[in-house]
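Shown here: coords.csv, CSV, C-alpha atoms.
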chain,number,residue,atom,x,y,z
X,1,MET,CA,0.0,0.0,0.0
X,2,TYR,CA,1.2,3.5,-0.8
X,3,THR,CA,0.8,6.7,1.1
X,4,LEU,CA,-0.6,9.5,-1.0
X,5,PHE,CA,-0.1,13.2,-0.5
X,6,PHE,CA,-2.2,16.0,-2.0
X,7,ASP,CA,-2.3,19.7,-1.8
X,8,PHE,CA,-5.6,21.4,-1.2
X,9,ASP,CA,-5.9,24.8,-2.9
X,10,SER,CA,-6.3,24.5,-6.6
X,11,THR,CA,-6.0,20.7,-6.4
X,12,LEU,CA,-9.0,19.5,-4.3
X,13,VAL,CA,-10.8,22.8,-4.6
X,14,ASP,CA,-10.8,25.1,-7.7
X,15,THR,CA,-9.5,28.2,-5.8
X,16,GLU,CA,-7.0,29.6,-3.4
X,17,THR,CA,-8.6,29.8,0.1
X,18,LEU,CA,-6.8,33.1,0.9
X,19,GLU,CA,-8.3,34.7,-2.1
X,20,LEU,CA,-11.8,33.8,-1.0
X,21,LEU,CA,-11.0,35.0,2.6
X,22,ALA,CA,-9.8,38.3,1.1
X,23,GLY,CA,-13.0,38.7,-0.9
X,24,GLU,CA,-15.1,38.1,2.3
X,25,ALA,CA,-13.0,40.4,4.4
X,26,LEU,CA,-13.2,43.2,1.8
X,27,ARG,CA,-16.8,42.9,0.9
X,28,GLY,CA,-18.4,46.3,0.8
X,29,ARG,CA,-15.1,48.2,1.5
X,30,PRO,CA,-14.5,51.1,-0.8
X,31,ASP,CA,-10.8,50.3,-1.0
X,32,ALA,CA,-11.4,46.6,-1.8
X,33,SER,CA,-9.7,46.7,-5.3
X,34,ASP,CA,-6.7,48.5,-3.9
X,35,VAL,CA,-6.3,46.1,-1.0
X,36,LEU,CA,-6.8,43.1,-3.3
X,37,ALA,CA,-4.1,44.5,-5.6
X,38,GLU,CA,-1.7,44.8,-2.6
X,39,VAL,CA,-2.6,41.3,-1.4
X,40,ALA,CA,-1.8,40.0,-5.0
X,41,ARG,CA,1.5,41.9,-5.0
X,42,ILE,CA,2.5,40.4,-1.7
X,43,THR,CA,1.5,36.9,-2.9
X,44,ASP,CA,3.7,37.4,-6.0
X,45,GLN,CA,6.6,38.5,-3.9
X,46,GLY,CA,6.3,35.3,-1.8
X,47,MET,CA,5.9,33.1,-4.9
X,48,ASN,CA,9.0,34.7,-6.5
X,49,GLY,CA,11.0,34.1,-3.3
X,50,GLU,CA,11.4,37.9,-2.7
X,51,ILE,CA,9.9,37.6,0.9
X,52,PRO,CA,9.6,34.7,3.3
X,53,LEU,CA,6.3,32.9,3.4
X,54,GLU,CA,5.7,34.0,7.0
X,55,GLU,CA,6.3,37.6,6.2
X,56,GLY,CA,3.8,37.4,3.3
X,57,PHE,CA,1.1,35.9,5.6
X,58,ARG,CA,1.7,38.5,8.2
X,59,LYS,CA,1.4,41.4,5.7
X,60,ARG,CA,-1.7,40.0,4.1
X,61,PHE,CA,-3.4,39.3,7.4
X,62,ALA,CA,-2.7,42.9,8.5
X,63,LEU,CA,-4.4,44.2,5.4
X,64,LEU,CA,-7.5,41.9,5.6
X,65,SER,CA,-8.5,42.0,9.3
X,66,LEU,CA,-9.9,38.4,9.1
X,67,THR,CA,-12.5,37.1,11.5
X,68,ARG,CA,-14.0,33.8,12.4
X,69,GLU,CA,-17.1,34.8,10.5
X,70,HIS,CA,-15.1,35.2,7.3
X,71,VAL,CA,-13.6,31.7,7.9
X,72,GLU,CA,-17.0,30.2,8.4
X,73,ARG,CA,-18.4,31.6,5.2
X,74,VAL,CA,-15.4,30.5,3.1
X,75,THR,CA,-15.3,27.1,4.7
X,76,ALA,CA,-19.0,26.5,3.8
X,77,ALA,CA,-18.3,27.7,0.2
X,78,LEU,CA,-15.3,25.4,-0.3
X,79,ILE,CA,-17.4,22.3,-0.2
X,80,ASP,CA,-19.1,23.4,-3.4
X,81,ARG,CA,-15.7,24.4,-4.9
X,82,ARG,CA,-14.4,20.8,-5.1
X,83,THR,CA,-12.6,20.3,-8.4
X,84,ALA,CA,-14.2,18.0,-11.0
X,85,SER,CA,-11.4,15.5,-10.4
X,86,ALA,CA,-12.0,15.5,-6.6
X,87,ARG,CA,-15.7,14.9,-7.2
X,88,ALA,CA,-15.1,12.2,-9.7
X,89,SER,CA,-12.6,10.5,-7.4
X,90,HIS,CA,-14.8,10.5,-4.3
X,91,ALA,CA,-14.9,6.7,-4.2
X,92,PHE,CA,-11.1,6.5,-4.5
X,93,PHE,CA,-10.6,8.9,-1.7
X,94,ALA,CA,-13.1,7.1,0.5
X,95,ALA,CA,-11.4,3.7,-0.2
X,96,ARG,CA,-7.9,5.0,0.4
X,97,ALA,CA,-8.6,7.6,3.1
X,98,ALA,CA,-6.3,5.9,5.6
X,99,ASP,CA,-3.4,6.3,3.2
X,100,ILE,CA,-4.1,9.9,2.1
X,101,TYR,CA,-2.6,13.0,3.6
X,102,ILE,CA,-3.2,16.6,2.7
X,103,ILE,CA,-0.2,18.9,3.0
X,104,SER,CA,-0.9,22.5,2.4
X,105,GLY,CA,0.2,26.0,3.0
X,106,GLY,CA,-3.6,26.7,3.4
X,107,PHE,CA,-5.7,26.7,6.5
X,108,ALA,CA,-6.7,23.4,8.2
X,109,GLU,CA,-9.9,25.0,9.7
X,110,CYS,CA,-11.2,25.8,6.2
X,111,MET,CA,-10.3,22.4,4.8
X,112,TYR,CA,-11.9,20.1,7.3
X,113,PRO,CA,-15.5,20.0,6.0
X,114,THR,CA,-14.3,19.3,2.5
X,115,THR,CA,-11.7,16.7,3.4
X,116,ARG,CA,-14.1,15.0,5.8
X,117,LEU,CA,-16.6,14.7,2.9
X,118,LEU,CA,-13.8,12.8,1.0
X,119,GLY,CA,-13.4,10.5,4.1
X,120,ILE,CA,-10.0,12.0,5.1
X,121,ASP,CA,-9.5,12.2,8.9
X,122,ASP,CA,-8.5,15.5,10.4
X,123,THR,CA,-5.3,14.0,11.7
X,124,HIS,CA,-4.2,13.6,8.1
X,125,ILE,CA,-4.4,17.3,7.4
X,126,ILE,CA,-1.0,19.0,7.7
X,127,ALA,CA,-1.7,22.7,7.2
X,128,ASN,CA,-1.7,26.1,8.9
X,129,LYS,CA,-3.9,26.9,11.9
X,130,PHE,CA,-5.2,30.3,12.8
X,131,VAL,CA,-4.5,32.0,16.1
X,132,TYR,CA,-7.4,34.0,17.4
X,133,ASP,CA,-7.6,36.8,19.9
X,134,THR,CA,-9.0,36.2,23.4
X,135,SER,CA,-12.6,36.6,22.2
X,136,GLY,CA,-12.0,33.8,19.6
X,137,GLU,CA,-13.3,36.0,16.8
X,138,VAL,CA,-10.4,38.0,15.3
X,139,ILE,CA,-7.5,36.2,13.6
X,140,LEU,CA,-4.2,37.4,14.9
X,141,GLY,CA,-2.1,35.3,12.6
X,142,LEU,CA,-0.9,31.7,12.2
X,143,ASP,CA,0.5,29.1,14.6
X,144,THR,CA,4.1,29.6,13.8
X,145,SER,CA,5.1,26.4,15.5
X,146,LEU,CA,3.8,24.5,12.4
X,147,PRO,CA,6.3,24.0,9.6
X,148,THR,CA,3.7,24.9,6.9
X,149,SER,CA,3.7,28.5,8.2
X,150,HIS,CA,7.4,29.0,7.1
X,151,SER,CA,9.1,29.0,3.8
X,152,GLY,CA,10.0,25.4,2.7
X,153,GLY,CA,7.6,24.0,5.4
X,154,LYS,CA,5.6,21.9,3.0
X,155,ALA,CA,8.7,19.9,2.1
As structure tokens, the full file:
Amino acid sequence: MYTLFFDFDSTLVDTETLELLAGEALRGRPDASDVLAEVARITDQGMNGEIPLEEGFRKRFALLSLTREHVERVTAALIDRRTASARASHAFFAARAADIYIISGGFAECMYPTTRLLGIDDTHIIANKFVYDTSGEVILGLDTSLPTSHSGGKA
């Protein structure tokens, strides 16, 4: 038996979770297009190796002021954003769930409902986790003890 590893964003779902979170956080804001452009610029800097992953997350989170409500809306939407291949392979995932792991620079909390639908246990999700303020409503950042929150962490 083989162990299989998958990414989540743009692999099991047809989008990047952070883009959906940005859209939710900026909904109705008059500066939304400017902020989205800055978020995209920071993302490009990270993808090009110009800034470390953790710096990119920190900068984007500061621009977006994310909350638990944003996460809940995006998480619910992701179930319907499964890729055609993930939908078509549902039986495969269910049959091999014990051998499948998701390793992602995305956000575990957003992934769980979708990965559970595929039969993948939460303990098989290796991804970033949000850190909330004391009210449990405002995202302060990521749990930086996790390797996925740092450049090269997925490897």
Can you pull out every residue within 9 Å of Ile79 of chain X, counting only C-alpha atoms, but drop anything in the same chain fewer than 5 positions away, and send it as a ChimeraX atom specification? /X:13,111,113-115,117
So how far away is atom CA of Thr123 of chain X from atom CA of Thr148 of chain X, in Å?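 Atom CA of Thr123 of chain X lies at a distance of 14.9 Å from atom CA of Thr148 of chain X.
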From atom CA of Thr134 of chain X to atom CA of Ala32 of chain X the spacing works out at 27.4 Å
Nearest to Ile102 of chain X by atom-to-atom distance, counting only C-alpha atoms, from X:Leu36, X:Leu66, X:Ile126, X:Ala86: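 Nearest candidate to Ile102 of chain X out of X:Leu36, X:Leu66, X:Ile126, X:Ala86: X:Ile126.
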Give as a ChimeraX atom specification each residue that has an atom at most 8 Å from (-4.3, 42.4, 3.9) in the file, counting only C-alpha atoms. /X:22,35-36,38-39,59-65
Counting all atoms listed in the file, find residues at most 10 Å from (1.3, 37.8, 20.2) (file frame) and give them as a VMD selection string. chain X and resid 131 to 133 140 to 141
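Coordinates place atom CA of Gly119 of chain X at a distance of 28.0 Å from atom CA of His150 of chain X.
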When distances are computed from all atoms listed in the file, which of X:Asp9, X:Ile42, X:Thr67, X:Ala155 shows the smallest separation from Glu55 of chain X?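 Going through X:Asp9, X:Ile42, X:Thr67, X:Ala155 one by one, the smallest distance to Glu55 of chain X is for X:Ile42.
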Show me, as a ChimeraX atom specification, the residues that have an atom within 9 Å of Ser104 of chain X when counting all atoms listed in the file, minus same-chain residues fewer than 5 positions from it. /X:6-9,125-128,148,154
Got a sec: who's within 12 Å of Arg87 of chain X, counting only C-alpha atoms, leaving out chain neighbours fewer than 3 positions off, as a VMD selection string? chain X and resid 11 to 14 79 to 84 90 to 94 114 to 115 117 to 118
Excluding Glu24 of chain X and residues on its chain fewer than 2 positions from it, collect all residues at most 12 Å away from it, counting only C-alpha atoms, and give them as a PyMOL selection string. chain X and resi 17-22+26-29+32+36+64-75+77
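Taking all atoms listed in the file into account, Asp143 of chain X lies nearest to X:Arg58 out of the set X:Tyr101, X:Arg41, X:Arg58, X:Ala88.
Using all atoms listed in the file, the smallest distance between any of X:Pro147, X:Arg116, X:Gly153, X:Thr3 and Arg96 of chain X comes from X:Thr3.
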Choose the residue, out of X:Gly136, X:Thr15, X:Asp44, X:Ala108, that has the smallest atom-to-atom separation from Asp122 of chain X; count all atoms listed in the file. X:Ala108
Counting all atoms listed in the file, which of X:Gln45, X:Ser10, X:Thr144, X:Ala98 gets nearest to Leu78 of chain X?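 Looking at the shortest contact to Leu78 of chain X, the residue is X:Ser10.
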From the block I gave, I'd like segment 113-124 of chain X written with all heavy atoms, as a compact mmCIF listing (two decimals), in the first residue's frame.
# COMPACT_ATOMS: atom_id res chain seq x y z
N PRO X 113 -14.23 20.48 6.55
CA PRO X 113 -15.49 19.98 6.01
C PRO X 113 -15.34 19.32 4.63
O PRO X 113 -15.98 18.30 4.35
CB PRO X 113 -16.38 21.22 5.93
CG PRO X 113 -15.85 22.10 7.01
CD PRO X 113 -14.34 21.89 6.95
N THR X 114 -14.49 19.88 3.80
CA THR X 114 -14.29 19.31 2.46
C THR X 114 -13.53 18.00 2.54
O THR X 114 -13.90 17.02 1.88
CB THR X 114 -13.53 20.32 1.56
OG1 THR X 114 -14.30 21.53 1.49
CG2 THR X 114 -13.32 19.76 0.17
N THR X 115 -12.47 17.95 3.34
CA THR X 115 -11.69 16.71 3.43
C THR X 115 -12.47 15.61 4.15
O THR X 115 -12.35 14.43 3.79
CB THR X 115 -10.32 16.95 4.10
OG1 THR X 115 -10.52 17.57 5.38
CG2 THR X 115 -9.44 17.84 3.23
N ARG X 116 -13.29 15.99 5.11
CA ARG X 116 -14.14 14.99 5.78
C ARG X 116 -15.12 14.39 4.79
O ARG X 116 -15.40 13.18 4.84
CB ARG X 116 -14.91 15.63 6.94
CG ARG X 116 -14.06 15.95 8.14
CD ARG X 116 -14.84 16.71 9.18
NE ARG X 116 -13.98 17.19 10.25
CZ ARG X 116 -14.22 18.27 10.96
NH1 ARG X 116 -15.31 19.01 10.76
NH2 ARG X 116 -13.37 18.64 11.90
N LEU X 117 -15.65 15.21 3.89
CA LEU X 117 -16.57 14.72 2.87
C LEU X 117 -15.89 13.65 1.99
O LEU X 117 -16.53 12.72 1.53
CB LEU X 117 -17.06 15.88 2.01
CG LEU X 117 -18.15 15.61 1.01
CD1 LEU X 117 -19.44 15.18 1.71
CD2 LEU X 117 -18.41 16.85 0.17
N LEU X 118 -14.59 13.80 1.81
CA LEU X 118 -13.81 12.82 1.04
C LEU X 118 -13.38 11.62 1.89
O LEU X 118 -12.75 10.70 1.38
CB LEU X 118 -12.57 13.49 0.44
CG LEU X 118 -12.85 14.58 -0.60
CD1 LEU X 118 -11.57 15.31 -0.97
CD2 LEU X 118 -13.52 13.99 -1.84
N GLY X 119 -13.71 11.66 3.19
CA GLY X 119 -13.39 10.55 4.07
C GLY X 119 -12.02 10.65 4.73
O GLY X 119 -11.58 9.71 5.37
N ILE X 120 -11.36 11.79 4.59
CA ILE X 120 -10.01 11.96 5.12
C ILE X 120 -10.10 12.49 6.56
O ILE X 120 -10.74 13.50 6.83
CB ILE X 120 -9.19 12.91 4.24
CG1 ILE X 120 -9.11 12.33 2.81
CG2 ILE X 120 -7.79 13.13 4.81
CD1 ILE X 120 -8.60 13.30 1.79
N ASP X 121 -9.45 11.80 7.46
CA ASP X 121 -9.48 12.17 8.88
C ASP X 121 -8.72 13.47 9.11
O ASP X 121 -7.71 13.74 8.46
CB ASP X 121 -8.83 11.04 9.69
CG ASP X 121 -9.04 11.22 11.17
OD1 ASP X 121 -10.11 10.83 11.67
OD2 ASP X 121 -8.12 11.77 11.82
N ASP X 122 -9.18 14.25 10.08
CA ASP X 122 -8.54 15.52 10.41
C ASP X 122 -7.07 15.35 10.77
O ASP X 122 -6.26 16.25 10.51
CB ASP X 122 -9.25 16.20 11.59
CG ASP X 122 -10.65 16.68 11.26
OD1 ASP X 122 -11.08 16.59 10.10
OD2 ASP X 122 -11.33 17.15 12.20
N THR X 123 -6.71 14.21 11.34
CA THR X 123 -5.31 13.99 11.72
C THR X 123 -4.41 13.82 10.50
O THR X 123 -3.19 13.81 10.64
CB THR X 123 -5.16 12.76 12.64
OG1 THR X 123 -5.61 11.60 11.94
CG2 THR X 123 -5.95 12.95 13.93
N HIS X 124 -4.99 13.69 9.33
CA HIS X 124 -4.22 13.55 8.09
C HIS X 124 -4.10 14.88 7.35
O HIS X 124 -3.65 14.90 6.20
CB HIS X 124 -4.87 12.51 7.18
CG HIS X 124 -4.65 11.11 7.66
ND1 HIS X 124 -4.45 10.06 6.80
CD2 HIS X 124 -4.59 10.57 8.91
CE1 HIS X 124 -4.29 8.95 7.48
NE2 HIS X 124 -4.37 9.25 8.76
